[in-house]
Amino acid sequence: MSNPSLLILPGDGIGPEVMAEVRRIIDWFGAKRGITFDVSEDLVGGCAYDKHGTPLHDDTMAKAQEVDAVLLGAVGGPQYDNLDFSVKPERGLLRLRKEMDLYANLRPAQCFDALSDFSSLKKDVVAGLDIMIVRELTSGVYFGEPRGVIREGNERVGINTQRYTESEIARVARSAFELARKRSNKVCSMEKANVMESGVLWREVVTEVHQAEYADVELSHMYADAGAMQLTRWPKQFDVIVTDNLFGDLLSDLAAMLTGSLGMLPSASLGAPMANGRPKALYEPVHGSAPDIAGQGKANPIACILSFAMALRYSFDMGDEAARVEKAVEQVLADGVRTADLMGPEGGTPVSTAAMGDAILAALDASL
Ligand code: NAD
């Protein structure tokens with residue numbers, strides 16, 4: 001069997017700094033676990049624009065379609081703010097998501113015990129939290145037609161259309177049920193079936209997919225506004241939440257903040273299975289390119305490292321190795337190792353990006 005292949009796109013700002021620590025972990029797996037990846041690296045975002053005049057070269061796009069998984073750092077920066085919309089760094093990322101048809105966005109909200117004081121919620125509400133929000137990413141109101149601002153009589157009218165087909169709902173529901181089977185086997189589907197026809201269809205289709213294919217998974221339904229309340233009241237009641245593009249955008253950001261720093265949050269965007277059975281997949285930290293700290297060795301590499309752990313679990317079926325990485329991160333945090341973004345009010349001396357990488361590698365060594 002050939003090695004699993006990974007395309008690494010470090011991008012801009014702190015992207016290359018945090019990705020350098022992931023590269024060390026990938027090397028560790030080769031040296032210490034005999035798990036070798038065929039790694040290639042390329043440009044995306046502002047750095048691709050600087051070299052090619054486009055934020056994603058066609059050759060890079062073609063490579064992304066061929067590999068088993070893509071791992072991206074971050075894109076963007078103030079020097080690109082005035083570029084034409086069509087060549088802005090973010091367009092590179094959007095092109096990847098669109099052409100790979102990545103319809104299921106996985107946003108875990110996990111609270112490491114050592115960081116439970118960072119949440120705006122009480123410690124016992126968030127300590128040990130581990131939920132997964134699955135957001136539909138390629139349809140819904142952000143894409144529906146008609147859209148635009150039109151004139152009606154003597155005033156302007158802004159229009160967006162919420163539109164979902166059965167197949168779009170069914171495929172993201174399947175992603176959520178499959179994930180639940182690898183976790184605590186519970187899915188809560190959220191929509192607004194009380195006021196939206198698309199929500200009625202969403203609930204019907206999720207129920208049909210459940211009955212036909214996933215009756216072993218526990219399924220519940222909740223209106224998305226009630227879901228927001230429950231997420232802040234007692235988030236540990238959830239395992240996997242599946243929801244549409246708009247509600248998922250809001251609820252995943254809400255859930256993210258339950259856990260503290262932006263530097264800790266990984267994500268995955270998955271599409272249909274390829275010929276080898278693996279889903280099309282893009283893994284990336286939730287944070288951006290953080291130009292305010294770029295090049296200073298201050299960035300927290302954990303979000304990017306945990307994104308690689310998600311790749312191990314969801315693209316390569318190496319759940320045990322993913323857990324090894326996650327436990328190493330947990331250990332390092334429990335030992336009090338902190339980058340600047342994780343410093344609490346009690347203060348202390350922050351470590352650099354590379355020193356955080358060193359500590360995680362040492363914890364990985366200790367796991368053998
Ligand atoms: P940001 O996520 O880059 O930064 C927000 C704040 O969080 C900053 O103070 C930053 O220093 C801090 N931060 C972020 N990641 C961190 C990390 N790993 N360690 C320590 N601190 C961290 O968001 P922004 O400032 O709104 O955007 C900056 C640029 O990034 C913009 O060009 C924006 O368009 C782009 N962006 C890209 C993505 C992406 O690539 N997916 C996502 C969001 C923003």
# chains A, B, ... in the order shown; residues from 1 in each chain; ligands from 1
call {"tool": "residues_around", "arguments": {"residues": "Ala268 of chain A", "least_positions_apart": "2", "cutoff": "10 Å", "atoms": "only C-alpha atoms", "output": "list in words"}}
result
Val70, Leu71, Leu102, Ala104, Asn105, Leu106, Arg107, Pro108, Val134, Pro266, Leu270, Ala281, Leu282, Tyr283, Glu284, Pro285, Val286, Ser307, Phe308, Met310, Ala311, Tyr314 and Ser315 of chain A
call {"tool": "residues_around", "arguments": {"residues": "Arg181 of chain A", "least_positions_apart": "4", "cutoff": "10 Å", "atoms": "only C-alpha atoms", "output": "PDB file with all heavy atoms, in the first residue's frame"}}
result
ATOM      1  N   ALA A 176     -23.024  13.456   9.756  1.00  0.00           N
ATOM      2  CA  ALA A 176     -23.217  13.611  11.207  1.00  0.00           C
ATOM      3  C   ALA A 176     -23.435  12.251  11.870  1.00  0.00           C
ATOM      4  O   ALA A 176     -22.866  11.966  12.928  1.00  0.00           O
ATOM      5  CB  ALA A 176     -24.404  14.535  11.470  1.00  0.00           C
ATOM      6  N   PHE A 177     -24.246  11.400  11.252  1.00  0.00           N
ATOM      7  CA  PHE A 177     -24.508  10.081  11.851  1.00  0.00           C
ATOM      8  C   PHE A 177     -23.228   9.234  11.881  1.00  0.00           C
ATOM      9  O   PHE A 177     -22.946   8.539  12.857  1.00  0.00           O
ATOM     10  CB  PHE A 177     -25.614   9.349  11.085  1.00  0.00           C
ATOM     11  CG  PHE A 177     -26.993   9.936  11.308  1.00  0.00           C
ATOM     12  CD1 PHE A 177     -27.782  10.313  10.231  1.00  0.00           C
ATOM     13  CD2 PHE A 177     -27.506  10.114  12.588  1.00  0.00           C
ATOM     14  CE1 PHE A 177     -29.050  10.861  10.427  1.00  0.00           C
ATOM     15  CE2 PHE A 177     -28.772  10.657  12.800  1.00  0.00           C
ATOM     16  CZ  PHE A 177     -29.547  11.030  11.715  1.00  0.00           C
ATOM     17  N   ASN A 185     -22.502   8.491  19.846  1.00  0.00           N
ATOM     18  CA  ASN A 185     -23.671   7.925  19.170  1.00  0.00           C
ATOM     19  C   ASN A 185     -24.950   8.759  19.311  1.00  0.00           C
ATOM     20  O   ASN A 185     -26.045   8.195  19.324  1.00  0.00           O
ATOM     21  CB  ASN A 185     -23.928   6.496  19.669  1.00  0.00           C
ATOM     22  CG  ASN A 185     -24.273   5.570  18.516  1.00  0.00           C
ATOM     23  OD1 ASN A 185     -23.825   5.791  17.388  1.00  0.00           O
ATOM     24  ND2 ASN A 185     -25.101   4.568  18.763  1.00  0.00           N
ATOM     25  N   LYS A 186     -24.801  10.068  19.451  1.00  0.00           N
ATOM     26  CA  LYS A 186     -25.980  10.925  19.601  1.00  0.00           C
ATOM     27  C   LYS A 186     -25.912  12.073  18.601  1.00  0.00           C
ATOM     28  O   LYS A 186     -24.888  12.743  18.505  1.00  0.00           O
ATOM     29  CB  LYS A 186     -25.985  11.558  21.008  1.00  0.00           C
ATOM     30  CG  LYS A 186     -26.739  10.735  22.024  1.00  0.00           C
ATOM     31  CD  LYS A 186     -26.794  11.343  23.419  1.00  0.00           C
ATOM     32  CE  LYS A 186     -26.457  12.769  23.659  1.00  0.00           C
ATOM     33  NZ  LYS A 186     -26.541  13.148  25.077  1.00  0.00           N
ATOM     34  N   VAL A 187     -27.017  12.322  17.895  1.00  0.00           N
ATOM     35  CA  VAL A 187     -27.083  13.479  16.985  1.00  0.00           C
ATOM     36  C   VAL A 187     -28.279  14.341  17.374  1.00  0.00           C
ATOM     37  O   VAL A 187     -29.373  13.818  17.595  1.00  0.00           O
ATOM     38  CB  VAL A 187     -27.236  13.027  15.511  1.00  0.00           C
ATOM     39  CG1 VAL A 187     -27.534  14.226  14.612  1.00  0.00           C
ATOM     40  CG2 VAL A 187     -25.983  12.315  15.028  1.00  0.00           C
ATOM     41  N   TYR A 214     -29.519   4.702   9.994  1.00  0.00           N
ATOM     42  CA  TYR A 214     -28.758   4.937  11.236  1.00  0.00           C
ATOM     43  C   TYR A 214     -29.628   4.807  12.484  1.00  0.00           C
ATOM     44  O   TYR A 214     -29.471   5.573  13.440  1.00  0.00           O
ATOM     45  CB  TYR A 214     -28.121   6.327  11.205  1.00  0.00           C
ATOM     46  CG  TYR A 214     -27.113   6.521  10.093  1.00  0.00           C
ATOM     47  CD1 TYR A 214     -27.478   7.115   8.892  1.00  0.00           C
ATOM     48  CD2 TYR A 214     -25.797   6.070  10.232  1.00  0.00           C
ATOM     49  CE1 TYR A 214     -26.566   7.276   7.865  1.00  0.00           C
ATOM     50  CE2 TYR A 214     -24.877   6.229   9.215  1.00  0.00           C
ATOM     51  CZ  TYR A 214     -25.271   6.836   8.028  1.00  0.00           C
ATOM     52  OH  TYR A 214     -24.358   6.994   7.026  1.00  0.00           O
ATOM     53  N   ASP A 216     -29.502   2.952  14.853  1.00  0.00           N
ATOM     54  CA  ASP A 216     -28.724   2.681  16.076  1.00  0.00           C
ATOM     55  C   ASP A 216     -28.240   3.967  16.756  1.00  0.00           C
ATOM     56  O   ASP A 216     -27.842   3.941  17.929  1.00  0.00           O
ATOM     57  CB  ASP A 216     -27.499   1.819  15.743  1.00  0.00           C
ATOM     58  CG  ASP A 216     -26.635   2.473  14.673  1.00  0.00           C
ATOM     59  OD1 ASP A 216     -27.148   2.708  13.554  1.00  0.00           O
ATOM     60  OD2 ASP A 216     -25.471   2.783  14.961  1.00  0.00           O
ATOM     61  N   VAL A 217     -28.268   5.092  16.026  1.00  0.00           N
ATOM     62  CA  VAL A 217     -27.802   6.365  16.596  1.00  0.00           C
ATOM     63  C   VAL A 217     -29.000   7.074  17.230  1.00  0.00           C
ATOM     64  O   VAL A 217     -30.094   7.071  16.664  1.00  0.00           O
ATOM     65  CB  VAL A 217     -27.186   7.267  15.498  1.00  0.00           C
ATOM     66  CG1 VAL A 217     -26.704   8.587  16.080  1.00  0.00           C
ATOM     67  CG2 VAL A 217     -26.052   6.546  14.791  1.00  0.00           C
ATOM     68  N   GLU A 218     -28.787   7.683  18.404  1.00  0.00           N
ATOM     69  CA  GLU A 218     -29.878   8.429  19.052  1.00  0.00           C
ATOM     70  C   GLU A 218     -30.043   9.781  18.342  1.00  0.00           C
ATOM     71  O   GLU A 218     -29.074  10.524  18.215  1.00  0.00           O
ATOM     72  CB  GLU A 218     -29.487   8.635  20.519  1.00  0.00           C
ATOM     73  CG  GLU A 218     -30.606   9.157  21.382  1.00  0.00           C
ATOM     74  CD  GLU A 218     -30.082   9.412  22.810  1.00  0.00           C
ATOM     75  OE1 GLU A 218     -29.278   8.599  23.325  1.00  0.00           O
ATOM     76  OE2 GLU A 218     -30.465  10.441  23.377  1.00  0.00           O
ATOM     77  N   VAL A 240     -23.071  15.214  18.846  1.00  0.00           N
ATOM     78  CA  VAL A 240     -22.942  15.809  17.513  1.00  0.00           C
ATOM     79  C   VAL A 240     -24.192  16.661  17.246  1.00  0.00           C
ATOM     80  O   VAL A 240     -25.311  16.208  17.475  1.00  0.00           O
ATOM     81  CB  VAL A 240     -22.824  14.714  16.427  1.00  0.00           C
ATOM     82  CG1 VAL A 240     -22.820  15.341  15.033  1.00  0.00           C
ATOM     83  CG2 VAL A 240     -21.571  13.877  16.639  1.00  0.00           C
TER      84      VAL A 240
END
call {"tool": "residues_near_ligand", "arguments": {"ligand": "ligand 1", "cutoff": "7 Å", "atoms": "only C-alpha atoms and all ligand atoms", "output": "short mmCIF file (atom, residue, chain, number, x, y, z; two decimals) with all heavy atoms, in the first residue's frame"}}
result
data_model
loop_
_atom_site.label_atom_id
_atom_site.label_comp_id
_atom_site.auth_asym_id
_atom_site.auth_seq_id
_atom_site.Cartn_x
_atom_site.Cartn_y
_atom_site.Cartn_z
N GLY A 73 -2.85 26.33 6.66
CA GLY A 73 -2.54 27.17 7.82
C GLY A 73 -3.55 28.31 7.95
O GLY A 73 -4.57 28.19 8.59
N ALA A 74 -3.27 29.42 7.29
CA ALA A 74 -4.19 30.56 7.32
C ALA A 74 -3.86 31.45 6.12
O ALA A 74 -2.74 31.39 5.60
CB ALA A 74 -4.04 31.36 8.61
N VAL A 75 -4.82 32.25 5.70
CA VAL A 75 -4.57 33.16 4.59
C VAL A 75 -4.96 34.58 4.96
O VAL A 75 -5.78 34.80 5.84
CB VAL A 75 -5.35 32.74 3.31
CG1 VAL A 75 -4.90 31.39 2.80
CG2 VAL A 75 -6.86 32.77 3.55
N GLY A 76 -4.35 35.54 4.27
CA GLY A 76 -4.74 36.94 4.43
C GLY A 76 -3.70 37.78 5.13
O GLY A 76 -2.75 37.27 5.73
N GLY A 77 -3.94 39.09 5.05
CA GLY A 77 -3.03 40.04 5.69
C GLY A 77 -3.36 41.43 5.19
O GLY A 77 -3.94 41.57 4.10
N PRO A 78 -2.99 42.46 5.97
CA PRO A 78 -3.38 43.82 5.61
C PRO A 78 -2.82 44.27 4.26
O PRO A 78 -3.43 45.09 3.57
CB PRO A 78 -2.81 44.67 6.75
CG PRO A 78 -1.84 43.80 7.48
CD PRO A 78 -2.22 42.38 7.21
N GLU A 90 -8.54 35.16 0.53
CA GLU A 90 -9.65 34.28 0.94
C GLU A 90 -10.25 33.53 -0.24
O GLU A 90 -10.84 32.46 -0.07
CB GLU A 90 -10.76 35.09 1.63
CG GLU A 90 -10.39 35.68 2.98
CD GLU A 90 -9.46 36.88 2.92
OE1 GLU A 90 -9.25 37.45 1.82
OE2 GLU A 90 -8.91 37.25 3.98
N LEU A 262 -8.87 31.26 20.56
CA LEU A 262 -8.91 31.00 19.12
C LEU A 262 -7.73 30.12 18.69
O LEU A 262 -7.80 29.38 17.72
CB LEU A 262 -8.83 32.36 18.42
CG LEU A 262 -9.39 32.58 17.04
CD1 LEU A 262 -10.79 32.03 16.92
CD2 LEU A 262 -9.38 34.07 16.72
N GLY A 263 -6.65 30.19 19.42
CA GLY A 263 -5.45 29.42 19.06
C GLY A 263 -5.57 27.94 19.35
O GLY A 263 -4.63 27.17 19.12
N PRO A 285 -6.93 25.26 11.01
CA PRO A 285 -7.34 25.91 12.26
C PRO A 285 -8.42 26.94 11.98
O PRO A 285 -8.52 27.44 10.86
CB PRO A 285 -6.05 26.59 12.73
CG PRO A 285 -5.18 26.71 11.53
CD PRO A 285 -5.57 25.61 10.59
N VAL A 286 -9.23 27.25 12.99
CA VAL A 286 -10.30 28.23 12.82
C VAL A 286 -9.74 29.65 12.72
O VAL A 286 -10.30 30.51 12.05
CB VAL A 286 -11.31 28.11 13.99
CG1 VAL A 286 -12.28 29.28 14.03
CG2 VAL A 286 -12.07 26.79 13.90
N HIS A 287 -8.59 29.88 13.37
CA HIS A 287 -8.06 31.24 13.39
C HIS A 287 -7.53 31.69 12.03
O HIS A 287 -7.30 30.87 11.15
CB HIS A 287 -6.95 31.38 14.45
CG HIS A 287 -5.75 30.51 14.20
ND1 HIS A 287 -4.85 30.75 13.20
CD2 HIS A 287 -5.29 29.41 14.85
CE1 HIS A 287 -3.87 29.83 13.25
NE2 HIS A 287 -4.13 29.00 14.24
N GLY A 288 -7.33 33.01 11.92
CA GLY A 288 -6.78 33.57 10.70
C GLY A 288 -5.27 33.70 10.76
O GLY A 288 -4.60 32.99 11.53
N SER A 289 -4.73 34.63 9.96
CA SER A 289 -3.27 34.72 9.80
C SER A 289 -2.63 35.58 10.89
O SER A 289 -1.41 35.73 10.91
CB SER A 289 -2.95 35.29 8.43
OG SER A 289 -3.57 36.56 8.30
N ALA A 290 -3.43 36.15 11.78
CA ALA A 290 -2.94 36.90 12.94
C ALA A 290 -1.76 37.81 12.61
O ALA A 290 -0.67 37.67 13.19
CB ALA A 290 -2.58 35.94 14.09
N PRO A 291 -1.94 38.77 11.69
CA PRO A 291 -0.81 39.63 11.30
C PRO A 291 -0.20 40.39 12.47
O PRO A 291 0.99 40.73 12.43
CB PRO A 291 -1.44 40.62 10.31
CG PRO A 291 -2.86 40.27 10.16
CD PRO A 291 -3.19 39.09 10.98
N ASP A 292 -1.00 40.61 13.53
CA ASP A 292 -0.47 41.37 14.68
C ASP A 292 0.66 40.65 15.40
O ASP A 292 1.47 41.28 16.08
CB ASP A 292 -1.60 41.73 15.67
CG ASP A 292 -2.43 40.52 16.11
OD1 ASP A 292 -2.49 39.52 15.36
OD2 ASP A 292 -3.00 40.57 17.21
N ILE A 293 0.74 39.32 15.27
CA ILE A 293 1.82 38.59 15.95
C ILE A 293 2.69 37.78 14.99
O ILE A 293 3.60 37.07 15.43
CB ILE A 293 1.26 37.63 17.05
CG1 ILE A 293 0.24 36.65 16.46
CG2 ILE A 293 0.63 38.42 18.20
CD1 ILE A 293 -0.07 35.49 17.40
N LYS A 298 5.21 33.93 18.46
CA LYS A 298 4.26 33.97 19.59
C LYS A 298 3.03 33.10 19.35
O LYS A 298 2.25 32.88 20.27
CB LYS A 298 3.75 35.40 19.78
CG LYS A 298 4.74 36.36 20.39
CD LYS A 298 4.03 37.69 20.60
CE LYS A 298 4.99 38.74 21.14
NZ LYS A 298 4.42 40.08 21.06
N ALA A 299 2.82 32.68 18.10
CA ALA A 299 1.55 32.01 17.77
C ALA A 299 1.42 30.66 18.47
O ALA A 299 2.42 29.95 18.65
CB ALA A 299 1.46 31.82 16.26
N ASN A 300 0.21 30.35 18.83
CA ASN A 300 -0.09 29.05 19.43
C ASN A 300 -0.29 28.04 18.29
O ASN A 300 -1.21 28.21 17.47
CB ASN A 300 -1.37 29.18 20.26
CG ASN A 300 -1.76 27.91 20.96
OD1 ASN A 300 -1.16 26.86 20.74
ND2 ASN A 300 -2.77 27.99 21.79
N PRO A 301 0.52 26.99 18.23
CA PRO A 301 0.38 26.04 17.11
C PRO A 301 -0.67 24.95 17.36
O PRO A 301 -0.88 24.09 16.52
CB PRO A 301 1.77 25.41 17.03
CG PRO A 301 2.26 25.40 18.46
CD PRO A 301 1.67 26.64 19.10
N ALA A 303 -4.03 24.77 17.53
CA ALA A 303 -5.18 24.61 16.63
C ALA A 303 -4.77 23.87 15.36
O ALA A 303 -5.50 23.01 14.86
CB ALA A 303 -5.77 25.98 16.28
N ALA A 340 1.42 32.83 24.60
CA ALA A 340 0.93 34.10 25.17
C ALA A 340 -0.59 34.20 25.21
O ALA A 340 -1.16 34.76 26.14
CB ALA A 340 1.51 35.27 24.36
N ASP A 341 -1.26 33.62 24.19
CA ASP A 341 -2.73 33.72 24.13
C ASP A 341 -3.40 32.91 25.25
O ASP A 341 -4.59 33.09 25.50
CB ASP A 341 -3.24 33.22 22.78
CG ASP A 341 -2.78 31.79 22.49
OD1 ASP A 341 -1.58 31.53 22.58
OD2 ASP A 341 -3.64 30.94 22.21
#
call {"tool": "residues_around", "arguments": {"residues": "Thr60 of chain A", "least_positions_apart": "4", "cutoff": "12 Å", "atoms": "only C-alpha atoms", "output": "PyMOL selection string"}}
result
chain A and resi 7-9+40-45+48+52+54-56+64-67+70+92-93+95-96+99
call {"tool": "closest_residue", "arguments": {"among": "A:Gln211, A:Ser220, A:Gln162, A:Gln296", "to": "Asp244 of chain A", "atoms": "only C-alpha atoms"}}
result
A:Gln162
call {"tool": "closest_atom_pairs", "arguments": {"of": "segment 183-234 of chain A", "to": "segment 252-260 of chain A", "cutoff": "8 Å", "atoms": "only C-alpha atoms", "output": "CSV"}}
result
residue,atom,partner,partner_atom,distance
A:Ala228,CA,A:Leu254,CA,7.8
A:Leu231,CA,A:Ala255,CA,6.9
A:Thr232,CA,A:Leu258,CA,7.8
call {"tool": "write_last_selection", "arguments": {"atoms": "N, CA, C and O atoms", "output": "PDB file, in the first residue's frame"}}
result
ATOM      1  N   ALA A 228     -29.261  27.395  20.691  1.00  0.00           N
ATOM      2  CA  ALA A 228     -28.295  28.394  21.151  1.00  0.00           C
ATOM      3  C   ALA A 228     -28.389  28.552  22.669  1.00  0.00           C
ATOM      4  O   ALA A 228     -27.368  28.623  23.373  1.00  0.00           O
ATOM      5  N   LEU A 231     -26.956  25.486  24.342  1.00  0.00           N
ATOM      6  CA  LEU A 231     -25.485  25.431  24.234  1.00  0.00           C
ATOM      7  C   LEU A 231     -24.811  26.262  25.321  1.00  0.00           C
ATOM      8  O   LEU A 231     -23.708  25.940  25.768  1.00  0.00           O
ATOM      9  N   THR A 232     -25.455  27.345  25.725  1.00  0.00           N
ATOM     10  CA  THR A 232     -24.841  28.154  26.784  1.00  0.00           C
ATOM     11  C   THR A 232     -25.296  27.688  28.170  1.00  0.00           C
ATOM     12  O   THR A 232     -24.601  27.901  29.150  1.00  0.00           O
TER      13      THR A 232
END
call {"tool": "select_by_dssp", "arguments": {"residues": "segment 152-338 of chain A", "states": "strand (DSSP E)", "output": "ChimeraX atom specification"}}
result
/A:152,155-161,186-191,218-223,240-243,266-273,279-285
call {"tool": "select_by_dssp", "arguments": {"residues": "segment 121-233 of chain A", "states": "alpha helix (DSSP H)", "output": "ChimeraX atom specification"}}
result
/A:123-126,166-181,197-213,224-233
call {"tool": "atom_distance", "arguments": {"atom1": "atom CA of Glu145 of chain A", "atom2": "atom CA of Val200 of chain A"}}
result
19.5 Å
call {"tool": "residues_around", "arguments": {"residues": "Val351 of chain A", "least_positions_apart": "3", "cutoff": "8 Å", "atoms": "only C-alpha atoms", "output": "list in words"}}
result
Lys298, Val337, Arg338, Thr339, Ala340, Ala355 and Met356 of chain A
call {"tool": "write_last_selection", "arguments": {"atoms": "all heavy atoms", "output": "mmCIF file, in the first residue's frame"}}
result
data_model
loop_
_atom_site.group_PDB
_atom_site.id
_atom_site.type_symbol
_atom_site.label_atom_id
_atom_site.label_comp_id
_atom_site.auth_asym_id
_atom_site.auth_seq_id
_atom_site.Cartn_x
_atom_site.Cartn_y
_atom_site.Cartn_z
ATOM 1 N N LYS A 298 5.206 33.927 18.465
ATOM 2 C CA LYS A 298 4.262 33.969 19.587
ATOM 3 C C LYS A 298 3.028 33.100 19.354
ATOM 4 O O LYS A 298 2.247 32.880 20.273
ATOM 5 C CB LYS A 298 3.753 35.404 19.784
ATOM 6 C CG LYS A 298 4.741 36.356 20.394
ATOM 7 C CD LYS A 298 4.029 37.691 20.601
ATOM 8 C CE LYS A 298 4.987 38.744 21.144
ATOM 9 N NZ LYS A 298 4.422 40.079 21.058
ATOM 10 N N VAL A 337 2.301 24.567 30.412
ATOM 11 C CA VAL A 337 2.999 25.203 29.287
ATOM 12 C C VAL A 337 1.976 26.057 28.532
ATOM 13 O O VAL A 337 0.912 25.579 28.152
ATOM 14 C CB VAL A 337 3.604 24.137 28.341
ATOM 15 C CG1 VAL A 337 4.381 24.804 27.214
ATOM 16 C CG2 VAL A 337 4.487 23.166 29.114
ATOM 17 N N ARG A 338 2.308 27.316 28.312
ATOM 18 C CA ARG A 338 1.338 28.252 27.727
ATOM 19 C C ARG A 338 2.012 29.177 26.717
ATOM 20 O O ARG A 338 3.024 29.801 27.042
ATOM 21 C CB ARG A 338 0.744 29.169 28.819
ATOM 22 C CG ARG A 338 0.023 28.465 29.951
ATOM 23 C CD ARG A 338 -1.436 28.203 29.563
ATOM 24 N NE ARG A 338 -2.199 27.723 30.688
ATOM 25 C CZ ARG A 338 -2.288 26.449 31.071
ATOM 26 N NH1 ARG A 338 -1.640 25.518 30.397
ATOM 27 N NH2 ARG A 338 -3.015 26.097 32.110
ATOM 28 N N THR A 339 1.394 29.308 25.550
ATOM 29 C CA THR A 339 1.773 30.413 24.667
ATOM 30 C C THR A 339 1.048 31.666 25.174
ATOM 31 O O THR A 339 0.177 31.578 26.041
ATOM 32 C CB THR A 339 1.358 30.107 23.202
ATOM 33 O OG1 THR A 339 0.073 29.499 23.217
ATOM 34 C CG2 THR A 339 2.365 29.194 22.523
ATOM 35 N N ALA A 340 1.421 32.829 24.602
ATOM 36 C CA ALA A 340 0.935 34.103 25.167
ATOM 37 C C ALA A 340 -0.593 34.195 25.208
ATOM 38 O O ALA A 340 -1.162 34.758 26.141
ATOM 39 C CB ALA A 340 1.514 35.267 24.362
ATOM 40 N N ALA A 355 8.716 26.304 21.189
ATOM 41 C CA ALA A 355 8.820 25.653 22.499
ATOM 42 C C ALA A 355 7.544 24.872 22.814
ATOM 43 O O ALA A 355 7.592 23.808 23.447
ATOM 44 C CB ALA A 355 9.094 26.692 23.591
ATOM 45 N N MET A 356 6.398 25.384 22.360
ATOM 46 C CA MET A 356 5.155 24.614 22.518
ATOM 47 C C MET A 356 5.264 23.322 21.704
ATOM 48 O O MET A 356 4.889 22.236 22.163
ATOM 49 C CB MET A 356 3.950 25.454 22.084
ATOM 50 C CG MET A 356 2.620 24.742 22.181
ATOM 51 S SD MET A 356 2.219 24.140 23.849
ATOM 52 C CE MET A 356 1.293 25.522 24.530
#
call {"tool": "residues_around", "arguments": {"residues": "Ala127 of chain A", "least_positions_apart": "2", "cutoff": "7 Å", "atoms": "only C-alpha atoms", "output": "PyMOL selection string"}}
result
chain A and resi 111-113+116+123-125+129
call {"tool": "closest_residue", "arguments": {"among": "A:Ile25, A:Val242, A:Leu201, A:Leu94", "to": "Arg174 of chain A", "atoms": "only C-alpha atoms"}}
result
A:Val242
call {"tool": "residues_around", "arguments": {"residues": "segment 203-210 of chain A", "least_positions_apart": "3", "cutoff": "8 Å", "atoms": "only C-alpha atoms", "output": "number ranges by chain"}}
result
A: 166, 169-170, 173-174, 177, 189, 191, 193, 199-200, 213-215, 217, 219, 221
call {"tool": "write_last_selection", "arguments": {"atoms": "C-alpha atoms", "output": "PDB file, in the first residue's frame"}}
result
ATOM      1  CA  GLU A 166     -33.235  16.644  -0.197  1.00  0.00           C
ATOM      2  CA  ILE A 169     -29.673  17.580   3.536  1.00  0.00           C
ATOM      3  CA  ALA A 170     -29.291  13.804   3.344  1.00  0.00           C
ATOM      4  CA  ALA A 173     -27.006  14.163   7.829  1.00  0.00           C
ATOM      5  CA  ARG A 174     -25.061  11.023   6.872  1.00  0.00           C
ATOM      6  CA  PHE A 177     -24.508  10.081  11.851  1.00  0.00           C
ATOM      7  CA  SER A 189     -30.457  18.205  14.408  1.00  0.00           C
ATOM      8  CA  GLU A 191     -33.395  24.051  12.264  1.00  0.00           C
ATOM      9  CA  ALA A 193     -39.136  23.999  11.328  1.00  0.00           C
ATOM     10  CA  GLY A 199     -36.613  23.633   8.167  1.00  0.00           C
ATOM     11  CA  VAL A 200     -39.630  21.324   7.823  1.00  0.00           C
ATOM     12  CA  GLU A 213     -29.668   3.865   7.710  1.00  0.00           C
ATOM     13  CA  TYR A 214     -28.758   4.937  11.236  1.00  0.00           C
ATOM     14  CA  ALA A 215     -31.481   3.714  13.607  1.00  0.00           C
ATOM     15  CA  VAL A 217     -27.802   6.365  16.596  1.00  0.00           C
ATOM     16  CA  LEU A 219     -31.504  11.316  17.176  1.00  0.00           C
ATOM     17  CA  HIS A 221     -34.425  17.641  17.002  1.00  0.00           C
TER      18      HIS A 221
END
call {"tool": "closest_residue", "arguments": {"among": "A:Gly295, A:Pro4, A:Gly344, A:Gly271", "to": "Leu115 of chain A", "atoms": "only C-alpha atoms"}}
result
A:Gly344
call {"tool": "residues_around", "arguments": {"residues": "Glu330 of chain A", "least_positions_apart": "3", "cutoff": "12 Å", "atoms": "only C-alpha atoms", "output": "PyMOL selection string"}}
result
chain A and resi 110-116+128+264+302+306+323-327+333-338+359-360+363-364
call {"tool": "atom_distance", "arguments": {"atom1": "atom CA of Cys47 of chain A", "atom2": "atom CA of Leu137 of chain A"}}
result
25.6 Å
call {"tool": "closest_residue", "arguments": {"among": "A:Gly158, A:Pro16, A:Gly277, A:Pro89", "to": "Pro146 of chain A", "atoms": "only C-alpha atoms"}}
result
A:Gly158
